[in-house]
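To be precise, the following lines are target02.csv, and they hold CSV, C-alpha atoms.
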```csv
chain,number,residue,atom,x,y,z
R,224,MET,CA,93.3,54.5,103.2
R,225,THR,CA,95.0,57.7,102.1
R,226,GLN,CA,98.4,58.4,103.6
R,227,LYS,CA,98.4,61.3,106.0
R,228,ILE,CA,100.3,64.4,105.1
R,229,ARG,CA,102.8,65.9,107.6
R,230,ILE,CA,101.8,69.5,108.5
R,231,ALA,CA,103.9,72.1,110.3
R,232,ALA,CA,102.4,75.3,111.6
R,233,LEU,CA,104.2,78.7,112.0
R,234,VAL,CA,102.5,80.7,114.7
R,235,SER,CA,102.9,83.9,116.6
R,236,GLY,CA,99.5,84.4,118.3
R,237,ARG,CA,96.7,82.7,120.0
R,238,GLY,CA,96.5,79.9,117.6
R,239,THR,CA,92.8,79.5,117.1
R,240,ASN,CA,93.3,78.5,113.5
R,241,LEU,CA,95.9,76.0,114.6
R,242,GLN,CA,93.4,74.6,117.0
R,243,ALA,CA,90.8,74.3,114.2
R,244,ILE,CA,93.3,72.4,112.0
R,245,VAL,CA,94.4,70.1,114.9
R,246,ASP,CA,90.7,69.4,115.6
R,247,GLY,CA,90.1,68.8,111.9
R,248,CYS,CA,92.9,66.2,111.8
R,249,ARG,CA,91.6,64.5,114.9
R,250,GLN,CA,88.1,64.3,113.5
R,251,GLY,CA,89.2,62.9,110.2
R,252,LEU,CA,88.2,66.0,108.2
R,253,ILE,CA,91.9,66.4,107.2
R,254,ASP,CA,94.0,63.5,106.1
R,255,GLY,CA,96.9,64.9,107.9
R,256,GLU,CA,98.8,65.4,111.2
R,257,VAL,CA,100.3,68.5,112.7
R,258,VAL,CA,103.8,67.1,113.5
R,259,LEU,CA,105.5,70.3,114.5
R,260,THR,CA,104.8,73.9,115.4
R,261,ILE,CA,107.4,76.7,115.2
R,262,THR,CA,106.9,80.0,117.0
R,263,ASN,CA,109.0,83.2,117.2
R,264,ARG,CA,107.1,84.2,120.3
R,265,ALA,CA,107.7,82.2,123.5
R,266,GLN,CA,104.6,83.7,125.1
R,267,ALA,CA,102.2,83.0,122.2
R,268,GLY,CA,98.9,81.4,123.3
R,269,ALA,CA,99.6,78.8,120.6
R,270,VAL,CA,102.4,77.4,122.7
R,271,ASP,CA,100.0,76.4,125.5
R,272,ARG,CA,97.8,74.8,122.9
R,273,CYS,CA,100.6,72.7,121.6
R,274,ARG,CA,101.5,71.5,125.1
R,275,ARG,CA,97.9,70.5,125.7
R,276,GLU,CA,97.6,68.8,122.4
R,277,GLY,CA,101.0,67.0,122.7
R,278,ILE,CA,102.4,68.7,119.5
R,279,PRO,CA,106.2,69.5,119.5
R,280,CYS,CA,106.6,73.3,119.6
R,281,LEU,CA,109.9,74.8,118.7
R,282,TYR,CA,110.7,78.3,119.8
R,283,VAL,CA,113.1,80.1,117.4
R,284,ASP,CA,114.1,83.5,118.7
R,285,ASN,CA,114.4,85.7,115.6
R,286,ARG,CA,116.7,88.1,117.6
R,287,ARG,CA,119.4,85.4,117.5
R,288,PHE,CA,119.7,85.8,113.8
R,289,SER,CA,121.5,88.6,111.9
R,290,SER,CA,119.0,88.6,109.0
R,291,ARG,CA,115.5,87.4,108.1
R,292,GLU,CA,117.2,85.1,105.5
R,293,SER,CA,119.3,83.3,108.1
R,294,PHE,CA,116.2,82.9,110.4
R,295,ASP,CA,114.3,81.5,107.4
R,296,ALA,CA,117.2,79.1,106.5
R,297,GLU,CA,117.1,77.7,110.0
R,298,VAL,CA,113.3,77.2,109.8
R,299,ALA,CA,113.5,75.6,106.4
R,300,SER,CA,116.2,73.2,107.6
R,301,THR,CA,114.1,72.2,110.6
R,302,LEU,CA,111.0,71.7,108.4
R,303,ARG,CA,113.0,69.5,106.0
R,304,GLN,CA,114.4,67.4,108.8
R,305,ALA,CA,110.8,66.9,110.0
R,306,ARG,CA,109.8,65.7,106.5
R,307,VAL,CA,107.0,68.2,106.3
R,308,ASP,CA,104.6,68.1,103.3
R,309,LEU,CA,102.8,71.3,104.0
R,310,VAL,CA,103.6,74.5,106.0
R,311,ILE,CA,100.7,76.5,107.3
R,312,LEU,CA,100.9,80.1,108.6
R,313,ALA,CA,98.5,80.6,111.4
R,314,GLY,CA,98.9,84.2,112.6
R,315,PHE,CA,102.6,84.2,111.9
R,316,MET,CA,103.6,87.8,112.2
R,317,ARG,CA,106.7,87.8,110.0
R,318,LEU,CA,107.1,88.1,106.2
R,319,LEU,CA,108.8,85.1,104.7
R,320,THR,CA,111.8,85.5,102.6
R,321,PRO,CA,112.5,83.7,99.3
R,322,VAL,CA,114.8,81.4,101.2
R,323,LEU,CA,111.9,79.7,102.9
R,324,ILE,CA,109.3,80.3,100.1
R,325,ARG,CA,111.5,78.6,97.5
R,326,ALA,CA,112.4,75.7,99.7
R,327,PHE,CA,108.6,74.9,100.1
R,328,ASP,CA,107.4,76.3,96.8
R,329,GLY,CA,103.6,75.7,96.4
R,330,ARG,CA,103.6,74.0,99.8
R,331,ILE,CA,103.1,77.1,102.1
R,332,MET,CA,99.5,78.3,102.9
R,333,ASN,CA,98.3,81.4,104.7
R,334,ILE,CA,94.9,82.7,105.7
R,335,HIS,CA,94.1,86.4,105.5
R,336,PRO,CA,91.0,88.0,107.0
R,337,SER,CA,89.7,89.8,103.9
R,338,LEU,CA,88.5,89.0,100.4
R,339,LEU,CA,91.8,89.5,98.7
R,340,PRO,CA,92.8,91.4,96.6
R,341,SER,CA,90.9,93.9,98.8
R,342,PHE,CA,92.6,94.9,102.1
R,343,PRO,CA,96.0,93.2,102.0
R,344,GLY,CA,98.5,93.9,104.8
R,345,LEU,CA,97.8,94.9,108.4
R,346,HIS,CA,94.4,95.5,110.0
R,347,PRO,CA,92.2,94.2,107.2
R,348,GLN,CA,89.1,94.2,109.4
R,349,GLN,CA,89.5,97.8,110.3
R,350,GLN,CA,90.3,98.6,106.6
R,351,ALA,CA,87.0,97.0,105.7
R,352,VAL,CA,85.0,98.9,108.3
R,353,ASP,CA,86.7,102.2,107.2
R,354,HIS,CA,86.1,101.6,103.5
R,355,GLY,CA,82.4,100.9,104.0
R,356,VAL,CA,82.2,97.6,102.2
R,357,ARG,CA,79.0,95.5,102.6
R,358,PHE,CA,80.8,92.2,102.4
R,359,THR,CA,84.2,91.0,103.4
R,360,GLY,CA,85.6,87.6,104.4
R,361,CYS,CA,88.7,85.5,104.4
R,362,THR,CA,91.1,84.1,101.9
R,363,VAL,CA,93.3,80.9,102.0
R,364,HIS,CA,96.1,81.3,99.6
R,365,PHE,CA,99.5,79.8,98.7
R,366,VAL,CA,102.3,82.1,99.8
R,367,ASP,CA,104.4,83.8,97.2
R,368,GLU,CA,107.0,86.6,97.6
R,369,GLY,CA,104.4,89.4,97.7
R,370,VAL,CA,102.2,90.5,100.6
R,371,ASP,CA,99.0,88.5,100.7
R,372,SER,CA,99.3,88.1,96.9
R,373,GLY,CA,99.7,84.4,96.2
R,374,PRO,CA,97.3,82.1,94.3
R,375,ILE,CA,93.9,81.9,96.0
R,376,ILE,CA,92.7,78.5,97.1
R,377,LEU,CA,89.4,79.2,98.9
R,378,GLN,CA,87.5,82.2,100.1
R,379,ALA,CA,84.5,82.7,102.4
R,380,VAL,CA,82.2,85.8,102.6
R,381,VAL,CA,80.6,87.5,105.6
R,382,PRO,CA,78.4,90.6,105.7
R,383,VAL,CA,79.6,93.9,107.3
R,384,LEU,CA,76.8,95.4,109.4
R,385,ASP,CA,76.3,99.1,109.9
R,386,ASP,CA,77.2,98.9,113.6
R,387,ASP,CA,80.2,96.6,113.2
R,388,ASN,CA,83.6,97.6,114.6
R,389,GLU,CA,87.0,95.9,114.0
R,390,GLU,CA,86.4,93.4,116.8
R,391,SER,CA,82.9,92.3,115.9
R,392,LEU,CA,83.9,91.9,112.3
R,393,ARG,CA,87.1,90.0,113.4
R,394,GLN,CA,84.9,87.5,115.3
R,395,ARG,CA,82.5,86.9,112.4
R,396,ILE,CA,85.4,86.4,109.9
R,397,LEU,CA,87.3,84.1,112.3
R,398,HIS,CA,84.3,81.8,112.5
R,399,GLN,CA,84.6,81.3,108.7
R,400,GLU,CA,88.4,81.0,108.9
R,401,HIS,CA,88.0,77.9,111.1
R,402,ILE,CA,85.9,76.3,108.4
R,403,VAL,CA,87.7,77.1,105.2
R,404,TYR,CA,91.3,76.7,106.4
R,405,PRO,CA,90.8,73.0,107.2
R,406,GLN,CA,88.9,72.6,103.9
R,407,ALA,CA,91.8,74.0,101.9
R,408,ILE,CA,94.3,71.8,103.7
R,409,GLN,CA,92.2,68.7,103.0
R,410,LEU,CA,92.1,69.6,99.3
R,411,PHE,CA,95.9,69.8,99.4
R,412,ALA,CA,96.1,66.4,101.3
R,413,GLN,CA,93.9,64.8,98.6
R,414,GLY,CA,96.2,66.2,95.9
R,415,ARG,CA,93.3,68.2,94.4
R,416,LEU,CA,95.0,71.6,94.2
R,417,LYS,CA,96.7,72.5,91.0
R,418,ILE,CA,98.4,75.9,90.7
R,419,GLU,CA,98.1,77.3,87.2
R,420,GLY,CA,99.8,80.7,87.0
R,421,ARG,CA,98.0,82.7,89.7
R,422,ARG,CA,94.9,80.6,89.6
R,423,VAL,CA,94.3,77.4,91.6
R,424,ARG,CA,92.2,74.8,90.0
R,425,ILE,CA,90.4,72.3,92.3
R,426,LEU,CA,90.4,68.9,90.8
R,427,SER,CA,87.4,66.6,91.2
R,428,SER,CA,87.7,64.1,94.0
R,429,SER,CA,87.2,61.2,91.5
R,430,GLY,CA,90.2,62.3,89.4
I,270,MET,CA,51.8,108.5,99.4
I,271,THR,CA,55.5,109.3,98.9
I,272,GLN,CA,56.4,111.8,96.3
I,273,LYS,CA,58.3,110.2,93.4
I,274,ILE,CA,61.9,111.3,92.7
I,275,ARG,CA,62.9,112.4,89.2
I,276,ILE,CA,65.6,110.2,87.8
I,277,ALA,CA,67.9,110.8,84.9
I,278,ALA,CA,70.1,108.0,83.4
I,279,LEU,CA,73.4,108.5,81.5
I,280,VAL,CA,73.9,105.6,79.1
I,281,SER,CA,76.4,104.5,76.5
I,282,GLY,CA,75.5,100.8,76.0
I,283,ARG,CA,72.7,98.3,75.8
I,284,GLY,CA,70.9,99.7,78.8
I,285,THR,CA,69.9,96.5,80.6
I,286,ASN,CA,70.3,98.2,84.0
I,287,LEU,CA,68.3,101.2,82.7
I,288,GLN,CA,65.5,98.7,81.8
I,289,ALA,CA,65.6,97.1,85.3
I,290,ILE,CA,65.2,100.5,86.8
I,291,VAL,CA,62.4,101.6,84.5
I,292,ASP,CA,60.7,98.3,85.3
I,293,GLY,CA,61.3,98.9,89.0
I,294,CYS,CA,59.6,102.3,88.7
I,295,ARG,CA,56.6,100.8,86.8
I,296,GLN,CA,56.2,98.0,89.3
I,297,GLY,CA,56.2,100.3,92.3
I,298,LEU,CA,59.5,98.9,93.6
I,299,ILE,CA,61.1,102.4,93.2
I,300,ASP,CA,59.2,105.5,94.2
I,301,GLY,CA,60.6,107.3,91.2
I,302,GLU,CA,60.3,107.9,87.5
I,303,VAL,CA,63.0,108.0,84.8
I,304,VAL,CA,62.3,111.4,83.3
I,305,LEU,CA,65.3,111.7,81.0
I,306,THR,CA,68.1,109.7,79.4
I,307,ILE,CA,71.2,111.2,78.1
I,308,THR,CA,73.5,109.2,75.8
I,309,ASN,CA,76.8,110.1,74.1
I,310,ARG,CA,76.3,107.2,71.6
I,311,ALA,CA,73.5,107.6,69.1
I,312,GLN,CA,73.6,103.9,68.3
I,313,ALA,CA,73.4,102.7,71.9
I,314,GLY,CA,70.9,99.9,72.4
I,315,ALA,CA,69.6,102.0,75.3
I,316,VAL,CA,68.2,104.6,72.8
I,317,ASP,CA,65.8,102.0,71.3
I,318,ARG,CA,64.7,101.1,74.8
I,319,CYS,CA,63.9,104.7,75.6
I,320,ARG,CA,61.8,104.9,72.4
I,321,ARG,CA,59.9,101.8,73.3
I,322,GLU,CA,59.4,103.0,76.9
I,323,GLY,CA,58.4,106.6,75.9
I,324,ILE,CA,61.4,108.1,77.8
I,325,PRO,CA,62.9,111.3,76.4
I,326,CYS,CA,66.4,110.4,75.2
I,327,LEU,CA,68.9,113.2,74.5
I,328,TYR,CA,71.9,112.6,72.3
I,329,VAL,CA,74.8,114.8,73.3
I,330,ASP,CA,77.7,114.3,70.9
I,331,ASN,CA,80.9,114.7,73.0
I,332,ARG,CA,82.9,115.5,69.8
I,333,ARG,CA,81.1,118.8,69.6
I,334,PHE,CA,82.8,119.9,72.8
I,335,SER,CA,86.3,121.1,73.2
I,336,SER,CA,86.8,119.6,76.6
I,337,ARG,CA,85.3,117.1,79.0
I,338,GLU,CA,84.4,120.0,81.3
I,339,SER,CA,82.3,121.8,78.7
I,340,PHE,CA,80.5,118.5,77.8
I,341,ASP,CA,79.8,118.0,81.5
I,342,ALA,CA,78.6,121.6,82.0
I,343,GLU,CA,76.1,121.1,79.2
I,344,VAL,CA,74.9,117.8,80.7
I,345,ALA,CA,74.6,119.4,84.2
I,346,SER,CA,72.6,122.3,82.8
I,347,THR,CA,70.2,119.9,81.0
I,348,LEU,CA,69.8,117.8,84.2
I,349,ARG,CA,69.1,121.0,86.3
I,350,GLN,CA,66.5,122.2,83.8
I,351,ALA,CA,64.8,118.8,84.1
I,352,ARG,CA,64.7,119.2,87.9
I,353,VAL,CA,66.5,115.8,88.3
I,354,ASP,CA,66.8,114.5,91.9
I,355,LEU,CA,69.1,111.6,91.1
I,356,VAL,CA,71.5,110.8,88.3
I,357,ILE,CA,72.3,107.2,87.6
I,358,LEU,CA,75.1,106.0,85.4
I,359,ALA,CA,74.1,102.8,83.5
I,360,GLY,CA,77.0,101.7,81.4
I,361,PHE,CA,78.1,105.3,80.8
I,362,MET,CA,81.6,105.0,79.3
I,363,ARG,CA,83.0,108.4,80.2
I,364,LEU,CA,84.6,109.6,83.4
I,365,LEU,CA,82.8,112.5,84.9
I,366,THR,CA,84.6,115.7,85.7
I,367,PRO,CA,84.2,117.7,88.9
I,368,VAL,CA,81.9,120.1,86.9
I,369,LEU,CA,79.1,117.5,86.9
I,370,ILE,CA,80.0,115.7,90.1
I,371,ARG,CA,79.9,118.9,92.2
I,372,ALA,CA,76.7,120.0,90.6
I,373,PHE,CA,75.0,116.8,91.8
I,374,ASP,CA,77.1,116.1,94.8
I,375,GLY,CA,75.8,112.9,96.6
I,376,ARG,CA,73.2,112.5,93.9
I,377,ILE,CA,75.0,110.5,91.3
I,378,MET,CA,75.1,106.7,91.5
I,379,ASN,CA,77.1,104.1,89.5
I,380,ILE,CA,77.2,100.4,89.5
I,381,HIS,CA,80.4,98.5,88.9
I,382,PRO,CA,80.7,94.8,88.3
I,383,SER,CA,83.1,93.8,91.0
I,384,LEU,CA,83.3,93.8,94.8
I,385,LEU,CA,85.1,97.1,95.1
I,386,PRO,CA,87.8,98.0,96.1
I,387,SER,CA,88.8,94.9,94.2
I,388,PHE,CA,89.1,95.3,90.4
I,389,PRO,CA,88.2,98.9,89.7
I,390,GLY,CA,88.5,100.3,86.2
I,391,LEU,CA,88.1,98.4,82.9
I,392,HIS,CA,87.2,94.7,82.4
I,393,PRO,CA,86.6,93.9,86.1
I,394,GLN,CA,85.1,90.5,85.2
I,395,GLN,CA,88.2,89.5,83.3
I,396,GLN,CA,90.3,90.9,86.1
I,397,ALA,CA,88.4,88.6,88.5
I,398,VAL,CA,88.9,85.5,86.4
I,399,ASP,CA,92.6,86.3,85.9
I,400,HIS,CA,93.2,86.9,89.6
I,401,GLY,CA,91.6,83.6,90.5
I,402,VAL,CA,89.2,84.9,93.2
I,403,ARG,CA,86.4,82.6,94.4
I,404,PHE,CA,83.8,85.3,94.8
I,405,THR,CA,83.1,88.6,93.0
I,406,GLY,CA,80.0,90.6,92.6
I,407,CYS,CA,78.8,94.2,92.0
I,408,THR,CA,78.9,97.4,93.8
I,409,VAL,CA,76.4,100.4,93.8
I,410,HIS,CA,78.2,103.5,94.9
I,411,PHE,CA,78.0,107.2,94.9
I,412,VAL,CA,80.3,108.8,92.3
I,413,ASP,CA,83.2,110.9,93.5
I,414,GLU,CA,86.2,112.2,91.6
I,415,GLY,CA,88.1,109.0,91.6
I,416,VAL,CA,87.7,105.9,89.5
I,417,ASP,CA,85.1,103.6,91.1
I,418,SER,CA,86.1,104.9,94.5
I,419,GLY,CA,83.0,106.6,95.9
I,420,PRO,CA,81.1,105.7,99.1
I,421,ILE,CA,79.5,102.2,98.8
I,422,ILE,CA,75.7,101.8,99.0
I,423,LEU,CA,75.1,98.2,98.3
I,424,GLN,CA,77.0,95.1,97.1
I,425,ALA,CA,76.0,91.7,96.0
I,426,VAL,CA,78.2,88.6,95.8
I,427,VAL,CA,78.4,85.8,93.2
I,428,PRO,CA,80.7,82.8,93.1
I,429,VAL,CA,83.4,82.4,90.4
I,430,LEU,CA,83.5,78.9,89.0
I,431,ASP,CA,86.6,77.1,87.8
I,432,ASP,CA,85.3,77.1,84.2
I,433,ASP,CA,84.1,80.6,84.1
I,434,ASN,CA,85.2,83.1,81.5
I,435,GLU,CA,84.6,86.8,81.2
I,436,GLU,CA,81.2,86.4,79.5
I,437,SER,CA,79.8,83.7,81.9
I,438,LEU,CA,80.8,85.8,84.8
I,439,ARG,CA,79.5,89.0,83.3
I,440,GLN,CA,76.0,87.3,82.9
I,441,ARG,CA,76.0,86.0,86.5
I,442,ILE,CA,77.0,89.5,87.9
I,443,LEU,CA,74.5,91.3,85.6
I,444,HIS,CA,71.7,89.3,87.1
I,445,GLN,CA,72.6,90.7,90.6
I,446,GLU,CA,73.1,94.2,89.2
I,447,HIS,CA,69.4,94.2,88.1
I,448,ILE,CA,68.4,93.5,91.7
I,449,VAL,CA,70.7,95.7,93.7
I,450,TYR,CA,70.6,98.9,91.5
I,451,PRO,CA,66.8,99.3,91.9
I,452,GLN,CA,67.2,98.5,95.6
I,453,ALA,CA,69.8,101.2,96.1
I,454,ILE,CA,67.7,103.8,94.2
I,455,GLN,CA,64.6,103.0,96.3
I,456,LEU,CA,66.7,103.6,99.5
I,457,PHE,CA,67.7,106.9,98.0
I,458,ALA,CA,64.1,107.7,97.1
I,459,GLN,CA,63.0,106.9,100.7
I,460,GLY,CA,65.7,109.3,102.0
I,461,ARG,CA,67.4,106.4,103.8
I,462,LEU,CA,71.0,106.9,102.6
I,463,LYS,CA,73.3,109.0,104.7
I,464,ILE,CA,76.8,109.6,103.5
I,465,GLU,CA,79.3,109.7,106.4
I,466,GLY,CA,82.8,110.2,105.1
I,467,ARG,CA,83.4,107.3,102.8
I,468,ARG,CA,80.7,105.1,104.5
I,469,VAL,CA,77.0,105.1,103.7
I,470,ARG,CA,74.6,104.5,106.6
I,471,ILE,CA,71.2,102.9,105.7
I,472,LEU,CA,68.6,104.4,108.0
I,473,SER,CA,65.7,102.3,109.2
I,474,SER,CA,62.5,102.7,107.2
I,475,SER,CA,60.6,103.8,110.3
I,476,GLY,CA,63.0,106.6,111.1
```

With the file now loaded, output its structure as structure tokens.
Amino acid sequence: MTQKIRIAALVSGRGTNLQAIVDGCRQGLIDGEVVLTITNRAQAGAVDRCRREGIPCLYVDNRRFSSRESFDAEVASTLRQARVDLVILAGFMRLLTPVLIRAFDGRIMNIHPSLLPSFPGLHPQQQAVDHGVRFTGCTVHFVDEGVDSGPIILQAVVPVLDDDNEESLRQRILHQEHIVYPQAIQLFAQGRLKIEGRRVRILSSSG
Amino acid sequence: MTQKIRIAALVSGRGTNLQAIVDGCRQGLIDGEVVLTITNRAQAGAVDRCRREGIPCLYVDNRRFSSRESFDAEVASTLRQARVDLVILAGFMRLLTPVLIRAFDGRIMNIHPSLLPSFPGLHPQQQAVDHGVRFTGCTVHFVDEGVDSGPIILQAVVPVLDDDNEESLRQRILHQEHIVYPQAIQLFAQGRLKIEGRRVRILSSSG
């Protein structure tokens, strides 16, 4: 029996990826447990989810902090106290500072709704529609100090249809996000992700 | 019976995409004919292909011209005289100037071995390996005055495997190039490509 990893989620929004990950843990697809959620928005839909799922949800009001660094230091301290193995960003609408990134180096994941390095930053689905690409998708990556620039773990591809708009494309990508984010977390839980420079090697399950 | 379009190819290299397009025309997959090839490299493998296939191949030595613009003016003049409907770049290793682009506005296509806008410019396969993406591919696009930036017609996706190098990835992408480049040309021949800003709409074959 593998020991379960302790996962914390940082959320600002509806938390559908959080839900997919909680479900993955419950169903045994992820050898892990979401032990803590931190939000900077008290009204986030994710907060209700945590209540329903019985997951501790901590509201940290970023307006109480004089700087992003002091907010991140508080979050890092909380995560350390909770003995967290992996931090997942699930629609967390704040850029992390080196204070938090270095405290959990190689142990923070994000998912971005584009095939990075195409369309980093805000509104990637609208960017894809506007650019006229035929395919886009989502990318699970480790977080580094750039914007959506960290080593890529997994990606999934979806077609862009001629009559797509931002919302129809968002839905199609989101469906894939709910598949690959749990997969990436399970690879981490199994110790199968090896960061080599900006590439991530996936080790075989036997090794 | 559809009238066949007159296609010219600009080549500098081995000409495997040219071969795929010539084959597509012969097999009736493209309602077109390659009536002329222009090369700036007398030793290009594509020159031998043209000889075998009975396609006129014109060598234009760019060193004879004082500027890129005067070279492009000569090429544009030759293409006009040959009553060319569509110009395809098939491994043509020169940037086009506005002189040629404006003369054949919306009638010049290129194929680039990446999922644009990721990895424009040189060595896109090596860029993909180095960046650690899980998927890459190729993009057929109309040529505009930027580098690999024109409106996208078709794309195809291939996986990147952990043990890929530039050459193995190049081969996997090339296989897809030989499929989508003829497809894009046939859509053009059928009058089904409509450029709208930087997007390309594909009209239904009935309409």

>> Could you give the RMSD, in Å, left over when chain I is least-squares superposed onto chain R across all Cα atoms paired sequentially?
In response: 0.1 Å

> With only C-alpha atoms as the basis for distance, which of I:Ala397, I:Leu287, I:Leu384, I:Ala345 is at the shortest distance from Asp317 of chain I?
Replying inline: I:Leu287

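The smallest atom-to-atom distance between Leu312 of chain R and any of R:Cys280, R:Val380, R:Leu345, R:Met332, using all atoms listed in the file, is found for R:Met332.
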
Which residues are close to Thr366 of chain I, i.e. within 7 Å by all atoms listed in the file, leaving aside same-chain residues fewer than 6 positions away? Reply as a JSON list (two decimals) with C-alpha atoms, keeping the file's coordinate frame.
```
[["chain", "number", "residue", "atom", "x", "y", "z"],
["I", 337, "ARG", "CA", 85.30, 117.10, 79.00],
["I", 338, "GLU", "CA", 84.40, 120.00, 81.30],
["I", 341, "ASP", "CA", 79.80, 118.00, 81.50]]
```

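Closest approach to Asp433 of chain I from the set R:Val258, R:Arg424, R:Lys417, R:Leu410 is made by R:Arg424, with distances taken over all atoms listed in the file.
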
> Please, which residues are within 12 Å of (73.9, 105.4, 67.4) by the file's coordinates, counting all atoms listed in the file, and could they come as a ChimeraX atom specification?
Replying inline: /I:280-283,308-317,326-330

>> Can you tell me which residues surround segment 357-372 of chain R at a distance of at most 6 Å, considering only C-alpha atoms, apart from same-chain residues fewer than 4 positions away, and format the answer as number ranges by chain?
In response: R: 331-338, 343, 376-383, 396; I: 424

>> Show me, as a list in words, the residues that have an atom within 9 Å of Pro340 of chain R when counting all atoms listed in the file, minus same-chain residues fewer than 5 positions from it.
In response: Asp371 and Ser372 of chain R; Pro386, Ser387, Phe388, His400 and Val402 of chain I

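Across the model, the gap from atom CA of Leu472 of chain I to atom CA of Asp385 of chain R is 9.5 Å.
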
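With distances taken over all atoms listed in the file, R:Ile375 is the one residue among R:Ile375, R:Leu309, R:Leu416, R:Ala407 lying closest to chain I.
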
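For Lys227 of chain R, the non-local neighbours within 8 Å, defined as residues at least 3 positions apart in the same chain or in other chains and counting only C-alpha atoms, are Asp254, Gly255, Glu256 and Ala412 of chain R.
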
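One finds atom CA of Gly344 of chain R at 20.5 Å from atom CA of Arg422 of chain R.
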
Complete segment 407-419 of chain I at the level of N, CA, C and O atoms, written as an mmCIF file, in the coordinates of the input.
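And here is the file that came out, rebuild-v6.cif:
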```cif
data_model
loop_
_atom_site.group_PDB
_atom_site.id
_atom_site.type_symbol
_atom_site.label_atom_id
_atom_site.label_comp_id
_atom_site.auth_asym_id
_atom_site.auth_seq_id
_atom_site.Cartn_x
_atom_site.Cartn_y
_atom_site.Cartn_z
ATOM 1 N N CYS I 407 79.001 92.812 92.493
ATOM 2 C CA CYS I 407 78.800 94.200 92.000
ATOM 3 C C CYS I 407 78.616 95.138 93.136
ATOM 4 O O CYS I 407 78.278 94.733 94.253
ATOM 5 N N THR I 408 78.864 96.389 92.837
ATOM 6 C CA THR I 408 78.900 97.400 93.800
ATOM 7 C C THR I 408 78.105 98.653 93.322
ATOM 8 O O THR I 408 78.454 99.193 92.269
ATOM 9 N N VAL I 409 77.064 99.082 94.046
ATOM 10 C CA VAL I 409 76.400 100.400 93.800
ATOM 11 C C VAL I 409 77.067 101.402 94.671
ATOM 12 O O VAL I 409 77.162 101.173 95.886
ATOM 13 N N HIS I 410 77.526 102.497 94.096
ATOM 14 C CA HIS I 410 78.200 103.500 94.900
ATOM 15 C C HIS I 410 77.901 104.904 94.422
ATOM 16 O O HIS I 410 77.510 105.097 93.261
ATOM 17 N N PHE I 411 78.033 105.849 95.316
ATOM 18 C CA PHE I 411 78.000 107.200 94.900
ATOM 19 C C PHE I 411 79.251 107.565 94.143
ATOM 20 O O PHE I 411 80.315 107.000 94.425
ATOM 21 N N VAL I 412 79.126 108.459 93.192
ATOM 22 C CA VAL I 412 80.300 108.800 92.300
ATOM 23 C C VAL I 412 81.037 109.954 92.979
ATOM 24 O O VAL I 412 80.447 110.968 93.365
ATOM 25 N N ASP I 413 82.340 109.743 93.117
ATOM 26 C CA ASP I 413 83.200 110.900 93.500
ATOM 27 C C ASP I 413 84.227 111.081 92.418
ATOM 28 O O ASP I 413 84.071 110.577 91.306
ATOM 29 N N GLU I 414 85.273 111.819 92.711
ATOM 30 C CA GLU I 414 86.200 112.200 91.600
ATOM 31 C C GLU I 414 87.226 111.179 91.288
ATOM 32 O O GLU I 414 88.032 111.387 90.387
ATOM 33 N N GLY I 415 87.224 110.058 91.991
ATOM 34 C CA GLY I 415 88.100 109.000 91.600
ATOM 35 C C GLY I 415 87.485 107.971 90.703
ATOM 36 O O GLY I 415 86.340 108.123 90.295
ATOM 37 N N VAL I 416 88.224 106.909 90.376
ATOM 38 C CA VAL I 416 87.700 105.900 89.500
ATOM 39 C C VAL I 416 87.088 104.752 90.371
ATOM 40 O O VAL I 416 87.807 104.041 91.078
ATOM 41 N N ASP I 417 85.770 104.634 90.350
ATOM 42 C CA ASP I 417 85.100 103.600 91.100
ATOM 43 C C ASP I 417 85.451 103.597 92.586
ATOM 44 O O ASP I 417 85.579 102.540 93.211
ATOM 45 N N SER I 418 85.614 104.806 93.114
ATOM 46 C CA SER I 418 86.100 104.900 94.500
ATOM 47 C C SER I 418 85.138 105.521 95.472
ATOM 48 O O SER I 418 85.455 105.651 96.647
ATOM 49 N N GLY I 419 83.939 105.874 95.037
ATOM 50 C CA GLY I 419 83.000 106.600 95.900
ATOM 51 C C GLY I 419 82.390 105.733 96.983
ATOM 52 O O GLY I 419 82.523 104.510 96.977
#
```
